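Q: File protein.txt below, compact mmCIF, C-alpha atoms and all ligand atoms:
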# COMPACT_ATOMS: atom_id res chain seq x y z
CA MET I 1 -15.41 11.97 -34.97
CA PRO I 2 -16.97 8.48 -34.99
CA ASP I 3 -20.35 8.47 -33.33
CA LYS I 4 -19.56 5.08 -31.79
CA ALA I 5 -17.11 5.31 -28.91
CA ILE I 6 -16.86 1.54 -28.43
CA LYS I 7 -17.80 -1.41 -30.60
CA VAL I 8 -17.36 -4.94 -29.21
CA GLU I 9 -18.07 -7.86 -31.52
CA ASN I 10 -18.15 -11.50 -30.50
CA VAL I 11 -15.44 -11.16 -27.84
CA SER I 12 -14.45 -14.02 -25.54
CA LYS I 13 -11.91 -14.53 -22.78
CA LYS I 14 -11.10 -17.79 -21.05
CA TYR I 15 -9.00 -18.23 -17.90
CA GLY I 16 -8.19 -21.94 -17.96
CA ASP I 17 -11.60 -23.62 -18.07
CA ILE I 18 -13.49 -20.51 -16.98
CA HIS I 19 -15.34 -18.59 -19.69
CA ALA I 20 -14.94 -15.16 -18.07
CA VAL I 21 -16.43 -13.49 -21.17
CA ASP I 22 -18.32 -15.54 -23.74
CA ARG I 23 -19.05 -14.13 -27.22
CA LEU I 24 -20.12 -10.69 -26.04
CA SER I 25 -21.17 -7.94 -28.48
CA PHE I 26 -22.31 -4.39 -27.78
CA GLU I 27 -21.90 -0.79 -28.91
CA VAL I 28 -21.54 2.43 -26.93
CA PRO I 29 -22.39 5.69 -28.73
CA SER I 30 -20.22 8.73 -27.90
CA SER I 31 -21.27 10.93 -24.96
CA THR I 32 -23.53 8.27 -23.48
CA CYS I 33 -23.30 6.13 -20.36
CA PHE I 34 -23.22 2.36 -20.71
CA ALA I 35 -23.18 -0.10 -17.80
CA LEU I 36 -22.22 -3.73 -17.51
CA LEU I 37 -24.31 -5.28 -14.75
CA GLY I 38 -24.10 -8.71 -13.25
CA PRO I 39 -23.30 -10.73 -10.14
CA ASN I 40 -19.77 -11.32 -8.82
CA GLY I 41 -17.73 -13.21 -11.39
CA ALA I 42 -20.08 -12.41 -14.32
CA GLY I 43 -17.12 -11.12 -16.36
CA LYS I 44 -17.65 -7.35 -16.11
CA THR I 45 -14.11 -6.40 -15.05
CA THR I 46 -12.57 -8.78 -17.59
CA MET I 47 -14.63 -7.15 -20.37
CA MET I 48 -13.57 -3.67 -19.27
CA LYS I 49 -9.91 -4.70 -19.07
CA MET I 50 -10.06 -5.95 -22.65
CA ILE I 51 -11.42 -2.55 -23.68
CA TYR I 52 -8.53 -0.61 -22.18
CA GLY I 53 -5.90 -3.13 -23.17
CA LYS I 54 -5.10 -4.64 -19.76
CA ALA I 55 -6.38 -8.09 -20.73
CA GLU I 56 -6.14 -9.72 -24.12
CA ARG I 57 -9.18 -11.30 -25.74
CA ASP I 58 -8.88 -14.96 -26.72
CA SER I 59 -8.79 -14.55 -30.44
CA VAL I 60 -7.75 -11.22 -31.85
CA SER I 61 -8.91 -12.39 -35.28
CA SER I 62 -12.44 -13.64 -34.49
CA GLY I 63 -13.53 -11.17 -31.80
CA LYS I 64 -13.18 -7.45 -32.45
CA ILE I 65 -12.93 -4.41 -30.18
CA ASN I 66 -12.86 -0.88 -31.52
CA VAL I 67 -12.40 2.10 -29.19
CA PHE I 68 -12.59 5.41 -31.06
CA GLY I 69 -11.06 3.68 -34.07
CA PHE I 70 -8.33 1.80 -32.16
CA ASP I 71 -7.96 -1.89 -31.31
CA PRO I 72 -6.80 -2.21 -27.69
CA ALA I 73 -4.90 -5.40 -28.52
CA LYS I 74 -2.73 -3.41 -30.97
CA ASP I 75 -2.97 0.24 -29.86
CA GLU I 76 -2.95 0.11 -26.06
CA LEU I 77 -1.04 3.39 -25.88
CA SER I 78 -3.51 5.30 -28.10
CA ILE I 79 -6.36 4.06 -25.91
CA LYS I 80 -4.42 5.06 -22.79
CA TYR I 81 -4.23 8.63 -24.11
CA LEU I 82 -7.91 8.95 -24.88
CA SER I 83 -9.32 7.16 -21.84
CA GLY I 84 -9.23 7.38 -18.05
CA VAL I 85 -9.68 4.38 -15.75
CA VAL I 86 -11.16 4.21 -12.26
CA PRO I 87 -10.23 0.70 -11.11
CA GLN I 88 -12.15 -1.31 -8.54
CA ASP I 89 -9.47 -0.68 -5.87
CA ASN I 90 -8.38 2.86 -5.17
CA ASN I 91 -4.63 2.14 -5.63
CA LEU I 92 -3.57 5.67 -4.60
CA ASP I 93 0.07 6.34 -3.68
CA GLU I 94 0.03 6.51 0.14
CA GLU I 95 3.46 8.16 0.17
CA LEU I 96 2.12 11.21 -1.66
CA ASN I 97 -0.53 13.74 -0.70
CA VAL I 98 -3.73 14.44 -2.67
CA GLU I 99 -2.24 17.00 -5.04
CA GLU I 100 0.96 14.99 -5.59
CA ASN I 101 -1.05 11.93 -6.57
CA LEU I 102 -2.52 14.01 -9.39
CA ARG I 103 0.81 15.57 -10.36
CA VAL I 104 2.47 12.16 -10.80
CA TYR I 105 -0.34 11.09 -13.13
CA ALA I 106 -0.12 14.35 -15.07
CA ARG I 107 3.56 13.59 -15.71
CA PHE I 108 2.63 10.14 -17.14
CA TYR I 109 0.74 12.08 -19.82
CA ASP I 110 3.48 14.68 -20.31
CA ILE I 111 1.29 17.34 -18.74
CA THR I 112 3.66 19.62 -16.84
CA GLY I 113 4.19 23.21 -15.66
CA ARG I 114 1.34 25.69 -15.80
CA LYS I 115 -0.89 23.30 -17.77
CA ALA I 116 -0.58 20.64 -15.05
CA GLN I 117 -1.18 23.21 -12.33
CA ASP I 118 -4.36 24.49 -14.00
CA ARG I 119 -5.69 21.02 -14.71
CA ILE I 120 -5.05 19.85 -11.13
CA LYS I 121 -6.73 22.96 -9.71
CA PHE I 122 -9.73 22.45 -11.99
CA LEU I 123 -10.09 18.78 -11.00
CA LEU I 124 -9.67 19.44 -7.27
CA ASP I 125 -12.45 22.06 -7.53
CA PHE I 126 -14.67 19.85 -9.69
CA LEU I 127 -14.43 16.92 -7.27
CA GLU I 128 -14.63 19.17 -4.20
CA LEU I 129 -11.21 18.24 -2.86
CA SER I 130 -9.47 21.63 -2.96
CA GLU I 131 -9.54 22.03 0.80
CA ARG I 132 -7.82 18.66 1.22
CA LYS I 133 -5.13 19.10 -1.42
CA LYS I 134 -2.26 18.80 1.07
CA ALA I 135 -3.85 15.91 3.02
CA ALA I 136 -2.20 12.50 3.27
CA ILE I 137 -4.16 9.69 1.63
CA ARG I 138 -4.69 7.92 4.97
CA GLU I 139 -6.51 11.02 6.28
CA LEU I 140 -9.17 10.84 3.55
CA SER I 141 -12.60 9.28 3.91
CA GLY I 142 -13.64 6.49 1.52
CA GLY I 143 -15.71 8.96 -0.50
CA MET I 144 -12.80 11.42 -0.79
CA LYS I 145 -10.44 8.66 -1.95
CA ARG I 146 -12.94 7.61 -4.59
CA ARG I 147 -13.34 11.21 -5.79
CA LEU I 148 -9.55 11.55 -5.95
CA VAL I 149 -9.28 8.40 -8.09
CA ILE I 150 -11.93 9.87 -10.41
CA ALA I 151 -9.98 13.17 -10.56
CA ARG I 152 -6.83 11.22 -11.37
CA ALA I 153 -8.61 9.36 -14.19
CA LEU I 154 -9.67 12.72 -15.65
CA ILE I 155 -6.19 14.27 -15.70
CA ASN I 156 -5.73 13.77 -19.46
CA GLU I 157 -9.24 15.07 -20.33
CA PRO I 158 -10.28 11.61 -21.55
CA ARG I 159 -13.02 11.12 -24.14
CA LEU I 160 -13.84 7.82 -22.45
CA LEU I 161 -14.05 7.32 -18.69
CA ILE I 162 -14.07 3.69 -17.55
CA LEU I 163 -15.28 3.09 -14.00
CA ASP I 164 -15.21 -0.29 -12.26
CA GLU I 165 -17.81 -0.11 -9.48
CA PRO I 166 -17.38 3.64 -8.85
CA THR I 167 -19.50 3.81 -5.70
CA THR I 168 -19.33 0.37 -4.09
CA GLY I 169 -19.18 0.64 -0.31
CA LEU I 170 -19.88 4.39 -0.22
CA ASP I 171 -22.75 5.91 1.71
CA PRO I 172 -25.81 7.11 -0.26
CA GLN I 173 -24.95 10.80 0.09
CA VAL I 174 -21.44 10.36 -1.39
CA ARG I 175 -22.89 8.12 -4.07
CA HIS I 176 -25.26 10.93 -5.13
CA VAL I 177 -22.39 13.46 -5.27
CA ILE I 178 -20.42 11.12 -7.55
CA TRP I 179 -23.48 10.53 -9.76
CA GLU I 180 -23.87 14.30 -10.15
CA LYS I 181 -20.23 14.61 -11.31
CA LEU I 182 -20.59 11.72 -13.74
CA ARG I 183 -23.79 13.20 -15.16
CA HIS I 184 -21.99 16.49 -15.71
CA LEU I 185 -19.13 14.71 -17.51
CA LYS I 186 -21.59 12.97 -19.81
CA GLN I 187 -23.37 16.24 -20.58
CA THR I 188 -20.06 17.81 -21.53
CA GLY I 189 -19.24 15.02 -24.00
CA THR I 190 -17.40 12.31 -22.06
CA THR I 191 -18.43 8.72 -22.80
CA LEU I 192 -18.90 6.67 -19.62
CA LEU I 193 -18.49 2.91 -19.34
CA LEU I 194 -19.10 1.48 -15.92
CA THR I 195 -19.74 -1.68 -13.99
CA THR I 196 -21.97 -1.68 -10.97
CA HIS I 197 -23.93 -3.88 -8.62
CA TYR I 198 -26.33 -1.03 -7.89
CA MET I 199 -29.48 -1.07 -9.98
CA GLU I 200 -30.25 2.50 -8.98
CA GLU I 201 -26.82 3.64 -10.20
CA ALA I 202 -27.44 2.10 -13.60
CA SER I 203 -30.98 3.50 -13.78
CA GLN I 204 -29.90 6.99 -12.72
CA LEU I 205 -26.91 7.36 -15.02
CA CYS I 206 -27.12 5.05 -17.97
CA ASP I 207 -28.57 5.30 -21.45
CA SER I 208 -28.04 1.60 -21.87
CA VAL I 209 -27.27 -1.35 -19.60
CA LEU I 210 -26.09 -4.82 -20.50
CA ILE I 211 -26.93 -7.43 -17.90
CA MET I 212 -24.43 -10.31 -17.91
CA ASN I 213 -24.38 -13.74 -16.34
CA LYS I 214 -21.48 -16.20 -16.54
CA GLY I 215 -19.72 -14.21 -19.26
CA SER I 216 -22.73 -13.93 -21.59
CA MET I 217 -25.35 -11.30 -22.25
CA VAL I 218 -28.72 -11.81 -20.59
CA ILE I 219 -30.43 -8.66 -21.87
CA GLU I 220 -29.51 -5.15 -23.05
CA GLY I 221 -31.34 -1.86 -23.42
CA HIS I 222 -32.33 1.47 -21.89
CA PRO I 223 -33.19 0.85 -18.20
CA SER I 224 -36.77 2.11 -18.50
CA ASP I 225 -37.38 0.21 -21.78
CA LEU I 226 -36.07 -2.97 -20.16
CA LEU I 227 -38.51 -2.51 -17.31
CA LYS I 228 -41.43 -1.64 -19.59
CA ASN I 229 -40.90 -4.61 -21.90
CA ASN I 230 -39.70 -7.37 -19.60
CA ILE I 231 -41.34 -7.23 -16.21
CA GLU I 232 -44.65 -6.43 -14.55
CA ARG I 233 -44.71 -2.92 -13.04
CA TYR I 234 -45.33 -3.77 -9.39
CA VAL I 235 -44.25 -6.40 -6.92
CA ILE I 236 -45.22 -7.47 -3.40
CA GLU I 237 -42.34 -9.05 -1.50
CA ILE I 238 -43.31 -11.44 1.28
CA SER I 239 -40.39 -12.12 3.60
CA ASN I 240 -39.53 -15.60 4.90
CA GLY I 241 -41.38 -17.05 1.92
CA LYS I 242 -44.57 -17.04 4.01
CA MET I 243 -47.80 -16.97 2.02
CA PRO I 244 -50.96 -18.14 3.77
CA ASP I 245 -52.92 -20.81 1.87
CA GLY I 246 -56.00 -18.58 1.68
CA VAL I 247 -53.95 -15.94 -0.10
CA ARG I 248 -52.62 -18.46 -2.58
CA SER I 249 -56.12 -19.53 -3.61
CA SER I 250 -57.16 -15.86 -3.98
CA ILE I 251 -54.30 -15.34 -6.44
CA ASP I 252 -55.44 -18.22 -8.68
CA GLY I 253 -56.87 -16.92 -11.92
CA THR I 254 -55.86 -13.27 -11.32
CA GLY I 255 -52.85 -13.38 -13.63
CA ILE I 256 -50.54 -12.39 -10.73
CA ARG I 257 -47.20 -14.12 -11.26
CA ILE I 258 -45.69 -15.87 -8.24
CA ASP I 259 -41.92 -16.19 -7.86
CA GLU I 260 -40.85 -18.21 -4.83
CA THR I 261 -37.39 -18.67 -3.34
CA MET I 262 -36.30 -20.00 0.04
CA GLU I 263 -36.20 -16.57 1.66
CA MET I 264 -38.77 -14.58 -0.33
CA THR I 265 -42.03 -14.90 -2.22
CA ARG I 266 -42.66 -12.22 -4.84
CA LEU I 267 -46.01 -11.46 -6.47
CA PHE I 268 -45.78 -9.55 -9.76
CA SER I 269 -48.53 -7.70 -11.63
CA ASP I 270 -49.17 -4.61 -13.75
CA ASP I 271 -52.47 -4.20 -11.93
CA LEU I 272 -51.97 -2.28 -8.70
CA ASP I 273 -55.60 -2.81 -7.60
CA LYS I 274 -55.24 -6.58 -7.79
CA LEU I 275 -52.02 -6.45 -5.77
CA ASN I 276 -53.62 -4.13 -3.19
CA LEU I 277 -56.42 -6.67 -2.64
CA ILE I 278 -53.82 -9.34 -1.94
CA ALA I 279 -51.74 -6.98 0.23
CA ASP I 280 -54.79 -6.40 2.45
CA MET I 281 -54.84 -10.14 3.18
CA LEU I 282 -51.18 -10.18 4.30
CA ASP I 283 -49.52 -9.38 7.61
CA ARG I 284 -48.37 -5.73 7.41
CA LYS I 285 -44.97 -6.47 8.93
CA GLU I 286 -44.13 -9.26 6.56
CA HIS I 287 -44.73 -7.72 3.19
CA HIS I 288 -43.59 -4.75 1.17
CA MET I 289 -44.94 -3.38 -2.12
CA ARG I 290 -42.69 -1.57 -4.62
CA GLN I 291 -42.09 -0.88 -8.30
CA SER I 292 -40.15 -3.56 -10.16
CA ASN I 293 -36.48 -2.93 -10.95
CA LEU I 294 -33.62 -4.32 -13.03
CA GLU I 295 -32.79 -6.81 -10.28
CA ASP I 296 -36.25 -8.36 -10.82
CA ILE I 297 -35.52 -8.76 -14.54
CA PHE I 298 -32.25 -10.52 -13.73
CA LEU I 299 -34.02 -12.83 -11.30
CA LYS I 300 -36.77 -13.58 -13.82
CA THR I 301 -34.31 -14.30 -16.63
CA THR I 302 -31.65 -16.26 -14.77
CA GLY I 303 -33.30 -17.46 -11.56
CA ARG I 304 -30.40 -15.82 -9.70
CA LYS I 305 -29.91 -12.69 -7.64
CA LEU I 306 -27.53 -9.98 -8.86
CA ASN I 307 -25.56 -9.85 -5.64
CA GLU I 308 -25.19 -13.60 -5.40
CA GLN I 309 -21.70 -15.16 -5.45
CA GLN I 310 -20.97 -17.19 -8.60
P1 LIG U 401 -16.99 -8.69 -9.60
O1 LIG U 401 -18.35 -8.09 -9.62
O2 LIG U 401 -16.78 -9.58 -8.42
O3 LIG U 401 -15.88 -7.70 -9.80
P2 LIG U 401 -16.83 -9.47 -12.40
O4 LIG U 401 -18.16 -9.58 -13.04
O5 LIG U 401 -16.05 -8.24 -12.65
O6 LIG U 401 -16.95 -9.74 -10.84
P3 LIG U 401 -14.49 -10.83 -13.39
O7 LIG U 401 -13.58 -10.23 -12.37
O8 LIG U 401 -14.37 -10.34 -14.76
O9 LIG U 401 -16.00 -10.75 -12.91
O10 LIG U 401 -14.26 -12.41 -13.37
C1 LIG U 401 -14.91 -13.30 -14.28
C2 LIG U 401 -14.40 -14.71 -14.03
O11 LIG U 401 -13.04 -14.78 -14.45
C3 LIG U 401 -14.43 -15.12 -12.57
O12 LIG U 401 -14.75 -16.50 -12.52
C4 LIG U 401 -13.00 -14.88 -12.11
O13 LIG U 401 -12.66 -15.74 -11.06
C5 LIG U 401 -12.21 -15.20 -13.38
N1 LIG U 401 -10.97 -14.40 -13.45
C6 LIG U 401 -10.88 -13.05 -13.52
N2 LIG U 401 -9.59 -12.65 -13.62
C7 LIG U 401 -8.85 -13.79 -13.60
C8 LIG U 401 -7.44 -14.05 -13.67
N3 LIG U 401 -6.54 -13.07 -13.79
N4 LIG U 401 -7.04 -15.34 -13.61
C9 LIG U 401 -7.94 -16.35 -13.51
N5 LIG U 401 -9.28 -16.17 -13.45
C10 LIG U 401 -9.73 -14.91 -13.49
Can the structure in the file be given as structure tokens, please?
Ligand code: ATP

A:
Amino acid sequence: MPDKAIKVENVSKKYGDIHAVDRLSFEVPSSTCFALLGPNGAGKTTMMKMIYGKAERDSVSSGKINVFGFDPAKDELSIKYLSGVVPQDNNLDEELNVEENLRVYARFYDITGRKAQDRIKFLLDFLELSERKKAAIRELSGGMKRRLVIARALINEPRLLILDEPTTGLDPQVRHVIWEKLRHLKQTGTTLLLTTHYMEEASQLCDSVLIMNKGSMVIEGHPSDLLKNNIERYVIEISNGKMPDGVRSSIDGTGIRIDETMEMTRLFSDDLDKLNLIADMLDRKEHHMRQSNLEDIFLKTTGRKLNEQQ
């Protein structure tokens, strides 16, 4: 078994004049979780679609994609059999109930009879949907629909699970339940490739994240290594960009880094004591101190926010 689940080398995809993906390279070891992060339009979905053969890269000869030994441009069917896909939209069949949605997918993979029955029962239990197995799709909550789409993607016991924004729009409690299931899948050997806008999702689940902007890589690494090596540990956020002049002069010479935008001023430092001295000079209601996160790295590197429209 190759220890690399996915290898992407110098892959590009243009739509007309738009460079959706621009010379991207990365590797995903088996049984790990890898995330593509970036703002709307960064190229995350396009990259994932090229991996499971739903979009073709620009040049099959210059860029290379290898998924468990297969090239999606040539072996789409082999990749279909060894992967499961959770697309951005739920695309469940509204005419069928919960269980039937799974049965139809099982048939796509020639899983029938007792084997299908056992697999469906296992997945309904695993994703805590057994009590709703006869429910119509319209009767399900957003979180239940998402869990059903994940169950459906797991019907063929895939070695690779590809998830496009698995928890967007879900409440925090449902998000945590889904994270727990994904963690379990990783522990039992499934490789996870996901896109997300949520920094916490990437930090909680992923062994490696690749932050993208306008089709290209900004930075890649383990979430905690990225934080350790690329950004100060703490930040004070001052809303409305308000920073009294007296405070500004107190910052001079302290090494505190100031990042100012229209709506927010951020003060970064590894030294909590220095930041606390500044915080004492600020209006309590207008500032907030926290640990830095991946979003701060993106802002520092690109000058943009992750949830900004392209
Ligand atoms: P989001 O977070 O909003 O899902 P994304 O990072 O997944 O964004 P993509 O959907 O991959 O970004 O889009 C990358 C760029 O390619 C965007 O400018 C988008 O408009 C463009 N694009 C994507 N699919 C197509 C298509 N089928 N035809 C034309 N342009 C496309």

Q: Go ahead and compute the interatomic distance for CA of Gly41 in chain I and CA of Cys206 in chain I, in Å to one decimal.

A: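 Computed distance, CA of Gly41 in chain I to CA of Cys206 in chain I, equals 21.6 Å.
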
Q: Which residues form the shell of 12 Å around ligand LIG 401 (chain U) when you count only C-alpha atoms and all ligand atoms, given as an MDAnalysis selection string?

A: chainID I and resid 12:22 35:50 54:56 87:89 163:166 168 194:198 210:217 306:310

Q: Check the smallest atom-to-atom distance from each of I:Ala279, I:Gly84, I:Pro223, I:Glu237 to Ser250 in chain I using only C-alpha atoms, then report the winner.

A: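 Among the listed residues, the smallest separation from Ser250 in chain I belongs to I:Ala279.
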
Q: Calculate how many Å separate CA of Ala116 in chain I from CA of Ala153 in chain I, rounding to one decimal.

A: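 Going from CA of Ala116 in chain I over to CA of Ala153 in chain I, I get 13.9 Å.
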
Q: Using only C-alpha atoms, find the one residue out of I:Ile51, I:Cys33, I:Leu275, I:Ile178 that sits nearest to Asp75 in chain I.

A: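 Selected residue with least distance to Asp75 in chain I: I:Ile51.
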
Q: Could you list, as an NGL selection string, every residue within 12 Å of Arg107 in chain I, counting only C-alpha atoms and ignoring same-chain residues fewer than 2 positions away?

A: :I and (100-105 or 109-113 or 115-117 or 119-120 or 152 or 155-156)

Q: Report as a short mmCIF file (atom, residue, chain, number, x, y, z; two decimals) with C-alpha atoms, in the coordinates of the input all protein, DNA and RNA residues lying within 8 Å of range 297-301 of chain I, evaluated on only C-alpha atoms, omitting residues in the same chain fewer than 3 positions from it.

A:
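What ended up in part_27.cif:
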data_model
loop_
_atom_site.label_atom_id
_atom_site.label_comp_id
_atom_site.auth_asym_id
_atom_site.auth_seq_id
_atom_site.Cartn_x
_atom_site.Cartn_y
_atom_site.Cartn_z
CA ILE I 211 -26.93 -7.43 -17.90
CA VAL I 218 -28.72 -11.81 -20.59
CA LEU I 227 -38.51 -2.51 -17.31
CA ASN I 230 -39.70 -7.37 -19.60
CA ILE I 231 -41.34 -7.23 -16.21
CA ASN I 293 -36.48 -2.93 -10.95
CA LEU I 294 -33.62 -4.32 -13.03
CA ARG I 304 -30.40 -15.82 -9.70
CA LYS I 305 -29.91 -12.69 -7.64
CA LEU I 306 -27.53 -9.98 -8.86
#

Q: Quick one, how far is CA of Gly169 in chain I from CA of Arg146 in chain I?

A: 10.3 Å

Q: Which protein, DNA or RNA residues have an atom at most 12 Å from (-22.9, 8.3, -1.8), counting all atoms listed in the file? List them as a PyMOL selection string.

A: chain I and resi 141-144+146-147+166-181+198+200-201

Q: Smallest atom-to-atom distance to Glu9 in chain I: which of I:Arg57, I:Leu154, I:Pro29, I:Phe126, using all atoms listed in the file?

A: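 Looking at the shortest contact to Glu9 in chain I, the residue is I:Arg57.
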
Q: Pick out the residues sitting within 6 Å of Lys7 in chain I, and hand them over as a PyMOL selection string; count only C-alpha atoms, and ignore anything fewer than 6 positions along from it in its own chain.

A: chain I and resi 27+65-66

Q: Counting only C-alpha atoms, figure out which residue out of I:Met262, I:Val149, I:Glu99, I:Leu185 gets nearest to Ser130 in chain I.

A: I:Glu99
